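File shown here: model10.txt, holding compact mmCIF, C-alpha atoms and all ligand atoms.
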# COMPACT_ATOMS: atom_id res chain seq x y z
CA MET A 1 0.00 0.00 0.00
CA SER A 2 2.92 2.40 0.47
CA LYS A 3 3.87 2.57 -3.18
CA ILE A 4 2.11 3.57 -6.37
CA GLU A 5 1.54 0.51 -8.52
CA LEU A 6 -0.53 -0.33 -11.54
CA LYS A 7 -3.45 -2.72 -11.42
CA SER A 8 -3.65 -2.78 -15.22
CA LEU A 9 -2.10 -1.20 -18.30
CA GLU A 10 -3.58 -2.01 -21.71
CA ILE A 11 -2.87 -1.04 -25.31
CA ARG A 12 -5.53 -1.53 -27.95
CA PRO A 13 -5.73 -0.58 -31.63
CA ASN A 14 -7.93 2.51 -32.06
CA GLY A 15 -7.63 3.36 -35.76
CA ARG A 16 -5.20 3.03 -38.65
CA THR A 17 -2.86 5.57 -37.10
CA SER A 18 -3.96 5.50 -33.52
CA MET A 19 -3.81 3.33 -30.43
CA LEU A 20 -5.56 3.58 -27.12
CA ILE A 21 -3.66 3.16 -23.86
CA SER A 22 -5.69 2.74 -20.68
CA TRP A 23 -4.73 1.98 -17.12
CA GLU A 24 -5.86 1.74 -13.55
CA PHE A 25 -3.77 2.11 -10.41
CA ALA A 26 -3.89 -0.27 -7.48
CA PRO A 27 -5.45 1.20 -4.31
CA THR A 28 -2.85 3.19 -2.40
CA THR A 29 -2.67 5.63 0.51
CA GLU A 30 0.24 7.48 -1.16
CA ALA A 31 -0.55 11.02 -2.37
CA PHE A 32 -0.26 11.25 -6.15
CA SER A 33 0.85 14.87 -5.75
CA ASP A 34 4.16 13.58 -4.30
CA TYR A 35 4.98 11.76 -7.55
CA THR A 36 5.60 12.52 -11.20
CA ILE A 37 4.19 9.74 -13.36
CA SER A 38 4.91 9.55 -17.06
CA LEU A 39 3.69 7.22 -19.78
CA GLU A 40 6.47 6.01 -22.07
CA ARG A 41 6.52 4.20 -25.42
CA SER A 42 9.24 2.33 -27.32
CA GLU A 43 9.63 -0.08 -30.22
CA SER A 44 12.07 -2.16 -28.23
CA PRO A 45 11.28 -3.66 -24.82
CA GLU A 46 14.41 -2.52 -23.03
CA SER A 47 15.52 0.79 -24.49
CA GLY A 48 14.57 3.80 -26.57
CA TYR A 49 11.60 4.91 -24.49
CA THR A 50 10.12 8.34 -25.17
CA THR A 51 7.57 10.11 -22.97
CA LEU A 52 4.02 10.31 -24.35
CA THR A 53 2.34 12.23 -21.58
CA THR A 54 2.28 12.94 -17.86
CA VAL A 55 -0.31 10.92 -15.98
CA THR A 56 -2.47 12.49 -13.27
CA GLN A 57 -4.64 10.72 -10.74
CA ASN A 58 -7.73 11.84 -12.66
CA SER A 59 -6.76 10.37 -16.02
CA SER A 60 -7.18 6.75 -17.02
CA SER A 61 -6.48 6.72 -20.74
CA TYR A 62 -4.41 8.27 -23.49
CA ILE A 63 -4.86 8.16 -27.27
CA ASP A 64 -1.59 7.98 -29.21
CA ASN A 65 -2.22 9.30 -32.72
CA ASP A 66 1.39 9.13 -33.83
CA ILE A 67 1.66 5.55 -34.98
CA ARG A 68 1.14 3.67 -38.26
CA LEU A 69 -0.38 0.36 -37.29
CA PHE A 70 -0.37 -1.22 -40.73
CA ARG A 71 2.34 0.43 -42.77
CA PHE A 72 5.25 -0.04 -40.44
CA TRP A 73 3.67 -2.43 -38.01
CA LYS A 74 6.02 -3.37 -35.24
CA GLN A 75 5.20 -4.36 -31.72
CA VAL A 76 4.92 -1.39 -29.37
CA TYR A 77 5.96 -1.39 -25.74
CA VAL A 78 4.50 0.88 -23.10
CA ARG A 79 5.41 1.39 -19.45
CA MET A 80 5.11 4.03 -16.75
CA LYS A 81 7.90 5.82 -14.96
CA ILE A 82 6.97 6.66 -11.38
CA ALA A 83 9.29 9.13 -9.66
CA ALA A 84 8.97 10.67 -6.20
CA THR A 85 9.06 14.48 -6.51
CA ASP A 86 11.62 14.72 -3.69
CA GLY A 87 13.97 12.40 -5.62
CA THR A 88 13.99 9.54 -3.10
CA SER A 89 12.69 6.88 -5.45
CA GLU A 90 12.21 6.21 -9.13
CA TYR A 91 10.95 3.01 -10.72
CA TYR A 92 9.26 1.57 -13.78
CA THR A 93 6.15 -0.54 -14.07
CA PRO A 94 6.30 -3.83 -16.02
CA VAL A 95 6.17 -3.38 -19.81
CA THR A 96 2.90 -3.94 -21.70
CA LEU A 97 2.38 -5.00 -25.32
CA MET A 98 -0.60 -4.45 -27.59
CA ALA A 99 -3.38 -6.77 -26.40
CA TYR A 100 -4.29 -8.05 -29.90
CA PRO A 101 -3.22 -7.34 -33.48
CA PRO A 102 -5.03 -4.54 -35.35
CA ASP A 103 -7.76 -5.70 -37.73
CA VAL A 104 -8.66 -3.59 -40.81
CA ASP A 105 -12.36 -4.50 -40.84
CA ALA A 106 -12.90 -3.87 -37.14
CA LEU A 107 -11.15 -0.50 -37.31
CA GLU A 108 -13.22 0.45 -40.36
CA PHE A 109 -16.41 -0.44 -38.47
CA ILE A 110 -15.28 1.78 -35.59
CA ARG A 111 -14.53 4.65 -37.99
CA ARG A 112 -17.96 4.42 -39.60
CA LEU A 113 -19.79 4.18 -36.29
CA LYS A 114 -18.02 7.35 -35.12
CA ILE A 115 -19.32 9.14 -38.24
CA THR A 116 -22.85 7.79 -37.69
CA LEU A 117 -22.77 9.14 -34.15
CA GLY A 118 -20.88 12.39 -34.49
CA ASN A 119 -21.50 13.75 -38.00
CA LYS A 120 -22.55 17.42 -37.67
CA ARG A 121 -25.46 17.15 -40.07
CA TYR A 122 -26.65 13.55 -40.04
CA GLY A 123 -25.19 12.18 -36.81
CA VAL A 124 -27.63 10.39 -34.49
CA GLY A 125 -25.48 10.84 -31.38
CA VAL A 126 -25.87 13.46 -28.67
CA PRO A 127 -22.69 15.12 -27.36
CA CYS A 128 -22.24 13.92 -23.79
CA TYR A 129 -19.57 13.78 -21.13
CA VAL A 130 -18.66 10.47 -19.58
CA PHE A 131 -17.43 10.32 -15.99
CA LEU A 132 -15.78 6.97 -15.33
CA ARG A 133 -15.97 5.74 -11.76
CA LYS A 134 -12.64 5.05 -10.06
CA HIS A 135 -11.81 1.49 -9.03
CA GLY A 136 -8.31 2.23 -7.78
CA GLY A 137 -5.70 4.89 -7.11
CA GLN A 138 -5.38 7.19 -4.10
CA THR A 139 -7.88 6.22 -1.44
CA CYS A 140 -10.20 8.93 -0.05
CA LYS A 141 -8.74 10.77 2.95
CA GLU A 142 -12.20 11.45 4.38
CA CYS A 143 -13.74 8.03 4.50
CA TYR A 144 -11.11 5.35 3.87
CA ASP A 145 -9.47 3.77 6.89
CA PRO A 146 -5.98 2.54 5.91
CA LEU A 147 -5.78 0.22 8.93
CA LYS A 148 -9.16 -1.41 8.45
CA ARG A 149 -8.65 -1.19 4.67
CA ARG A 150 -12.20 -0.20 3.94
CA VAL A 151 -14.62 2.73 3.68
CA ILE A 152 -15.85 3.63 7.17
CA LYS A 153 -18.44 6.33 6.36
CA SER A 154 -21.74 5.59 4.70
CA GLN A 155 -22.07 9.06 3.12
CA CYS A 156 -18.94 10.83 1.89
CA SER A 157 -19.22 14.14 0.05
CA THR A 158 -15.55 14.12 -1.04
CA CYS A 159 -15.58 10.90 -3.06
CA TYR A 160 -19.35 10.29 -3.35
CA THR A 161 -18.85 7.07 -1.39
CA VAL A 162 -16.70 5.60 -4.15
CA GLY A 163 -13.73 5.29 -1.76
CA TYR A 164 -11.10 6.95 -3.99
CA GLU A 165 -10.06 10.65 -4.21
CA GLY A 166 -12.71 12.57 -6.15
CA GLY A 167 -14.68 9.44 -6.97
CA PHE A 168 -14.54 9.86 -10.75
CA TYR A 169 -11.96 10.48 -13.48
CA ASP A 170 -11.94 13.67 -15.55
CA PRO A 171 -14.84 13.87 -18.04
CA ILE A 172 -14.38 12.48 -21.56
CA ALA A 173 -16.40 14.06 -24.37
CA THR A 174 -18.14 11.58 -26.66
CA TYR A 175 -21.31 10.95 -28.69
CA ILE A 176 -24.07 8.70 -27.45
CA ALA A 177 -27.21 7.67 -29.32
CA LEU A 178 -30.18 7.66 -26.96
CA THR A 179 -33.59 6.15 -27.54
CA PRO A 180 -36.69 8.20 -26.70
CA ASP A 181 -37.52 8.29 -22.99
CA GLN A 182 -39.26 5.28 -21.59
CA LYS A 183 -41.41 6.46 -18.71
CA GLN A 184 -42.70 3.86 -16.39
CA VAL A 185 -44.63 4.19 -13.16
CA MET A 186 -44.03 1.44 -10.68
CA LEU A 187 -46.17 0.73 -7.66
CA THR A 188 -44.09 0.03 -4.59
CA ASP A 189 -44.72 -0.18 -0.87
CA ARG A 190 -43.80 3.54 -0.61
CA GLY A 191 -46.35 4.61 -3.22
CA SER A 192 -45.80 5.09 -6.93
CA GLU A 193 -42.33 5.68 -8.29
CA SER A 194 -41.51 6.85 -11.77
CA VAL A 195 -38.54 5.34 -13.51
CA SER A 196 -36.88 6.85 -16.51
CA ALA A 197 -34.67 4.49 -18.46
CA HIS A 198 -32.94 4.62 -21.81
CA ASN A 199 -31.38 2.17 -24.14
CA ALA A 200 -28.37 3.80 -25.73
CA TYR A 201 -25.30 2.95 -27.73
CA THR A 202 -21.88 4.41 -28.31
CA SER A 203 -18.58 3.50 -29.91
CA HIS A 204 -15.71 1.59 -28.29
CA TYR A 205 -14.28 4.54 -26.36
CA PRO A 206 -14.44 5.27 -23.50
CA MET A 207 -15.15 1.77 -22.20
CA LEU A 208 -18.09 2.03 -19.83
CA SER A 209 -19.15 -0.12 -16.95
CA SER A 210 -21.96 -0.08 -14.47
CA GLY A 211 -21.85 2.91 -12.08
CA ASP A 212 -20.28 5.35 -14.59
CA LEU A 213 -22.06 8.64 -15.28
CA VAL A 214 -23.23 10.06 -18.62
CA TYR A 215 -23.95 13.82 -18.62
CA ASP A 216 -25.72 15.80 -21.32
CA ALA A 217 -24.48 19.29 -20.41
CA ARG A 218 -26.73 21.07 -22.93
CA MET A 219 -29.97 19.56 -21.64
CA LEU A 220 -28.72 19.23 -18.04
CA ARG A 221 -29.62 15.57 -17.89
CA LEU A 222 -27.63 12.91 -16.14
CA TRP A 223 -27.73 9.14 -16.31
CA ILE A 224 -26.02 6.36 -14.47
CA VAL A 225 -24.93 3.31 -16.44
CA GLY A 226 -26.87 0.24 -15.35
CA ALA A 227 -25.58 -2.45 -17.68
CA VAL A 228 -23.28 -2.65 -20.69
CA SER A 229 -23.08 -5.24 -23.44
CA THR A 230 -20.46 -5.04 -26.14
CA VAL A 231 -20.30 -5.97 -29.80
CA GLU A 232 -16.93 -7.37 -30.80
CA ARG A 233 -15.13 -8.24 -34.00
CA ARG A 234 -11.78 -10.04 -33.94
CA ARG A 235 -11.34 -9.06 -30.29
CA HIS A 236 -11.93 -5.34 -30.99
CA VAL A 237 -14.87 -3.92 -29.08
CA VAL A 238 -16.61 -1.98 -31.85
CA LYS A 239 -19.82 -0.90 -30.12
CA GLN A 240 -21.28 -0.71 -26.61
CA ASN A 241 -24.99 -1.08 -25.88
CA LEU A 242 -25.96 0.68 -22.67
CA MET A 243 -28.85 0.63 -20.23
CA LEU A 244 -29.06 4.10 -18.68
CA GLU A 245 -31.09 5.17 -15.70
CA GLU A 246 -31.82 8.85 -15.20
CA VAL A 247 -30.34 10.32 -12.02
CA ASP A 248 -32.74 12.12 -9.70
CA ARG A 249 -32.67 15.93 -10.06
CA THR A 250 -31.76 16.41 -6.41
CA SER A 251 -28.63 14.24 -6.65
CA VAL A 252 -25.22 15.69 -5.72
CA PHE A 253 -23.90 14.24 -8.98
CA TYR A 254 -25.32 17.21 -10.96
CA ARG A 255 -23.21 19.69 -9.00
CA MET A 256 -20.17 17.41 -9.23
CA CYS A 257 -20.46 17.15 -13.03
CA GLU A 258 -20.75 20.92 -13.44
CA GLU A 259 -17.81 21.58 -11.11
CA ARG A 260 -15.55 19.01 -12.75
CA LEU A 261 -16.40 20.33 -16.23
CA ALA A 262 -15.58 23.88 -15.11
CA GLU A 263 -12.24 22.69 -13.67
CA VAL A 264 -11.26 20.90 -16.86
CA LYS A 265 -12.22 23.93 -18.99
CA ALA A 266 -10.20 26.23 -16.70
CA ASP A 267 -7.14 23.98 -17.13
CA GLY A 268 -7.55 24.30 -20.90
ZN ZN B 1 -14.68 9.51 0.72

Would you mind writing the file's structure down as C-alpha cells?
Amino acid sequence: MSKIELKSLEIRPNGRTSMLISWEFAPTTEAFSDYTISLERSESPESGYTTLTTVTQNSSSYIDNDIRLFRFWKQVYVRMKIAATDGTSEYYTPVTLMAYPPDVDALEFIRRLKITLGNKRYGVGVPCYVFLRKHGGQTCKECYDPLKRRVIKSQCSTCYTVGYEGGFYDPIATYIALTPDQKQVMLTDRGSESVSAHNAYTSHYPMLSSGDLVYDARMLRLWIVGAVSTVERRRHVVKQNLMLEEVDRTSVFYRMCEERLAEVKADG
C-alpha cells in the first residue's frame, strides 16, 4: 500500500494511425501529488523509451495518434515511470504489449460508427460527457481507513462514497445515441415511483461499466450506467450497448459534473 503501482495497463488498436492506452492504479494511501508519473513508449522492450504524456490521478487513458499500425507495423511497448518528486525513489512498471493485433475491418467499423454518431449534419449521437468511476488509485482521505482497509463512512461528500479521491476520473467528451424516454410508473410499498430508463449505444471509447455517469451538459440531464453489453469483431470492441437510468434531479452528482467540467475547462 505504500507505493504507487498499476493494477492494469492495456494497449488496444484505435484506428489506422492510432492506439488507445488505458490503465488503472492499485489502491494506495500514497498522495499522487508527491509523484511525477509519465507514460512512455518504445519499439524495443528494453531501451529507446520516449515520454508520451504525464499521468495524473484523474486520467485513465491516453490516445496515441502518432503511430502507423499497418504500414510499419512493429510491436509497441508501453510502461510508466513513477518518480517521487523529492527524488527519493524512481521506478518503472512492467512493460505492456498491444493486447491483440489490429484488424482492418474492425477499425473500419469503428470509424464508420463514429461518423454515424458524431456527423454534424446527419449524426444520431448526442454530445455527452462520460465520468468513469474510479476502481483504484489514491484512497479517499475522508472516508477510507488505511488500517481497516475499507470505507468507514456511509455518506462521503468528497468521493461520493466511491472510496477513492474525487470518486470519478476527468470527463471524456463523446457521442451517445439515446432512444426516446421510456417512462414507467411502478407501484411500490412507498407509493408510486416513476422510472426513466434509456437504451443507448456508443462506440468503443471510452469503455463504460456499471456505475459510470453520462452527462448531457446542454440539456442538463444525467444518467447512471446500469448495464453494458459489447459488440466485438476479432477481439476489438466496436460498439457498446448501454442501459441508462436517469439520475434524480436532487442528486449531488449534478453539481459534481458541473464543477468538474468547469475545472477541466479552466485547465484548458
Ligand atoms: Zn470519501

Exercise. Got a sec to check which residues sit within 6 Å of (-27.1, 1.0, -24.1), counting all atoms listed in the file, and write them as a PyMOL selection string?
Worked result: chain A and resi 199-201+241-243

For this session: Name the residues, by chain letter and number, that sit within 8 Å of ligand ZN 1 (chain B) using all atoms listed in the file, and give them as a list in words.
Result: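 Residues satisfying the distance criterion: Thr139, Cys140, Lys141, Glu142, Cys143, Tyr144, Val151, Lys153, Gln155, Cys156, Ser157, Thr158, Cys159, Tyr160, Thr161, Val162, Gly163, Tyr164, Glu165, Gly166 and Gly167 of chain A.
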
Exercise. Between A:Ile152, A:Leu132, A:Ala83, A:Leu244, which is the closest to Thr179 of chain A once you count all atoms listed in the file?
Worked result: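 Selected residue with least distance to Thr179 of chain A: A:Leu244.
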
Problem set entry | Length of the atom CA of Glu245 of chain A to atom CA of Ala197 of chain A vector [Å] |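 These two atoms are separated by 4.6 Å.
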
For this session: Step by step: start from the point (-16.5, 15.7, -17.4) in the file's coordinates, keep every protein, DNA or RNA residue that has an atom no farther than 6 Å from it, count all atoms listed in the file, and write the set as a PyMOL selection string.
Result: chain A and resi 129+131+170-172+260-261

For this session: Find the spatial neighbours of segment 88-94 of chain A, counting all atoms listed in the file, within a cut-off of 9 Å - ignore same-chain residues fewer than 2 positions away - and output them as a list in words.
Result: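 Counting only the stated atoms, we get Glu5, Leu6, Val78, Arg79, Met80, Lys81, Ile82, Ala83, Ala84, Thr85, Asp86 and Thr96 of chain A.
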
For this session: Go ahead and compute the interatomic distance for atom CA of Glu24 of chain A and atom CA of Ala173 of chain A, in Å to one decimal.
Result: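 Here the two named atoms are 19.5 Å from each other.
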
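Residues with any atom within 10 Å of Phe25 of chain A, counting all atoms listed in the file and excluding same-chain neighbours fewer than 3 positions away, are A:Ile4, A:Glu5, A:Leu6, A:Lys7, A:Ser8, A:Leu9, A:Thr28, A:Gln57, A:Ser60, A:Lys134, A:His135, A:Gly136, A:Gly137, A:Gln138.
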
Kindly save the residues from that selection, with C-alpha atoms included, as a PDB file, in the coordinates of the input.
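Output file again14.pdb follows:
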ATOM      1  CA  ILE A   4       2.110   3.570  -6.370  1.00  0.00           C
ATOM      2  CA  GLU A   5       1.540   0.510  -8.520  1.00  0.00           C
ATOM      3  CA  LEU A   6      -0.530  -0.330 -11.540  1.00  0.00           C
ATOM      4  CA  LYS A   7      -3.450  -2.720 -11.420  1.00  0.00           C
ATOM      5  CA  SER A   8      -3.650  -2.780 -15.220  1.00  0.00           C
ATOM      6  CA  LEU A   9      -2.100  -1.200 -18.300  1.00  0.00           C
ATOM      7  CA  THR A  28      -2.850   3.190  -2.400  1.00  0.00           C
ATOM      8  CA  GLN A  57      -4.640  10.720 -10.740  1.00  0.00           C
ATOM      9  CA  SER A  60      -7.180   6.750 -17.020  1.00  0.00           C
ATOM     10  CA  LYS A 134     -12.640   5.050 -10.060  1.00  0.00           C
ATOM     11  CA  HIS A 135     -11.810   1.490  -9.030  1.00  0.00           C
ATOM     12  CA  GLY A 136      -8.310   2.230  -7.780  1.00  0.00           C
ATOM     13  CA  GLY A 137      -5.700   4.890  -7.110  1.00  0.00           C
ATOM     14  CA  GLN A 138      -5.380   7.190  -4.100  1.00  0.00           C
TER      15      GLN A 138
END

For this session: Find the distance between atom CA of Val228 of chain A and atom CA of Val130 of chain A and write it in Å to one decimal.
Result: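 Separation of atom CA of Val228 of chain A and atom CA of Val130 of chain A: 14.0 Å.
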
Seminar exercise, completed: One residue among A:Glu46, A:Glu246, A:Glu40, A:Glu258 is nearest to Ala217 of chain A when using all atoms listed in the file, and that residue is A:Glu258

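Distance check against Arg41 of chain A using only C-alpha atoms: of A:Tyr77, A:Phe70, A:Tyr100, A:Phe253, the minimum falls on A:Tyr77.
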
Exercise. Within 12 Å of Pro101 of chain A, counting all atoms listed in the file, which residues qualify if same-chain residues fewer than 5 places away don't, as an NGL selection string?
Worked result: :A and (11-16 or 19 or 69-70 or 73-76 or 106-107 or 233-236)

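Proximity ranking of A:Val247, A:Leu213, A:Leu20, A:Val238 relative to Ser196 of chain A places A:Val247 first, based on all atoms listed in the file.
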
Around segment 106-125 of chain A, with edges along x, y and z and 5 Å added on all six sides, what centre and edge lengths do you get, in Å to one decimal, as AutoDock Vina command-line options?
--center_x -19.4 --center_y 6.8 --center_z -35.9 --size_x 26.5 --size_y 31.3 --size_z 19.0

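For the residues A:Leu147, A:Ala262, A:Leu208, A:Val126, ranking by smallest atom-to-atom distance to Val237 of chain A using all atoms listed in the file places A:Leu208 first.
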
Can segment 87-104 of chain A be brought up to N, CA and C atoms and written out as a short mmCIF file (atom, residue, chain, number, x, y, z; two decimals), in the coordinates of the input?
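See result_10.cif below for the written result:
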data_model
loop_
_atom_site.label_atom_id
_atom_site.label_comp_id
_atom_site.auth_asym_id
_atom_site.auth_seq_id
_atom_site.Cartn_x
_atom_site.Cartn_y
_atom_site.Cartn_z
N GLY A 87 12.79 13.09 -5.10
CA GLY A 87 13.97 12.40 -5.62
C GLY A 87 14.38 11.15 -4.85
N THR A 88 13.59 10.70 -3.90
CA THR A 88 13.99 9.54 -3.10
C THR A 88 13.79 8.20 -3.80
N SER A 89 12.86 8.16 -4.75
CA SER A 89 12.69 6.88 -5.45
C SER A 89 12.24 7.11 -6.88
N GLU A 90 12.59 6.15 -7.73
CA GLU A 90 12.21 6.21 -9.13
C GLU A 90 12.16 4.77 -9.64
N TYR A 91 11.04 4.39 -10.23
CA TYR A 91 10.95 3.01 -10.72
C TYR A 91 10.02 2.93 -11.91
N TYR A 92 10.08 1.78 -12.60
CA TYR A 92 9.26 1.57 -13.78
C TYR A 92 8.27 0.45 -13.54
N THR A 93 7.11 0.55 -14.17
CA THR A 93 6.15 -0.54 -14.07
C THR A 93 6.54 -1.60 -15.11
N PRO A 94 6.02 -2.83 -14.99
CA PRO A 94 6.30 -3.83 -16.02
C PRO A 94 5.82 -3.33 -17.40
N VAL A 95 6.46 -3.81 -18.44
CA VAL A 95 6.17 -3.38 -19.81
C VAL A 95 4.93 -4.09 -20.35
N THR A 96 4.10 -3.37 -21.10
CA THR A 96 2.90 -3.94 -21.70
C THR A 96 3.00 -3.92 -23.22
N LEU A 97 2.45 -4.93 -23.86
CA LEU A 97 2.38 -5.00 -25.32
C LEU A 97 0.94 -4.82 -25.78
N MET A 98 0.76 -4.58 -27.07
CA MET A 98 -0.60 -4.45 -27.59
C MET A 98 -1.37 -5.75 -27.35
N ALA A 99 -2.62 -5.61 -26.86
CA ALA A 99 -3.38 -6.77 -26.40
C ALA A 99 -3.75 -7.73 -27.54
N TYR A 100 -3.97 -7.20 -28.75
CA TYR A 100 -4.29 -8.05 -29.90
C TYR A 100 -3.89 -7.30 -31.16
N PRO A 101 -3.66 -8.03 -32.26
CA PRO A 101 -3.22 -7.34 -33.48
C PRO A 101 -4.34 -6.50 -34.09
N PRO A 102 -4.00 -5.38 -34.73
CA PRO A 102 -5.03 -4.54 -35.35
C PRO A 102 -5.70 -5.26 -36.51
N ASP A 103 -7.00 -5.07 -36.66
CA ASP A 103 -7.76 -5.70 -37.73
C ASP A 103 -8.43 -4.61 -38.58
N VAL A 104 -8.18 -4.65 -39.90
CA VAL A 104 -8.66 -3.59 -40.81
C VAL A 104 -10.18 -3.45 -40.75
#
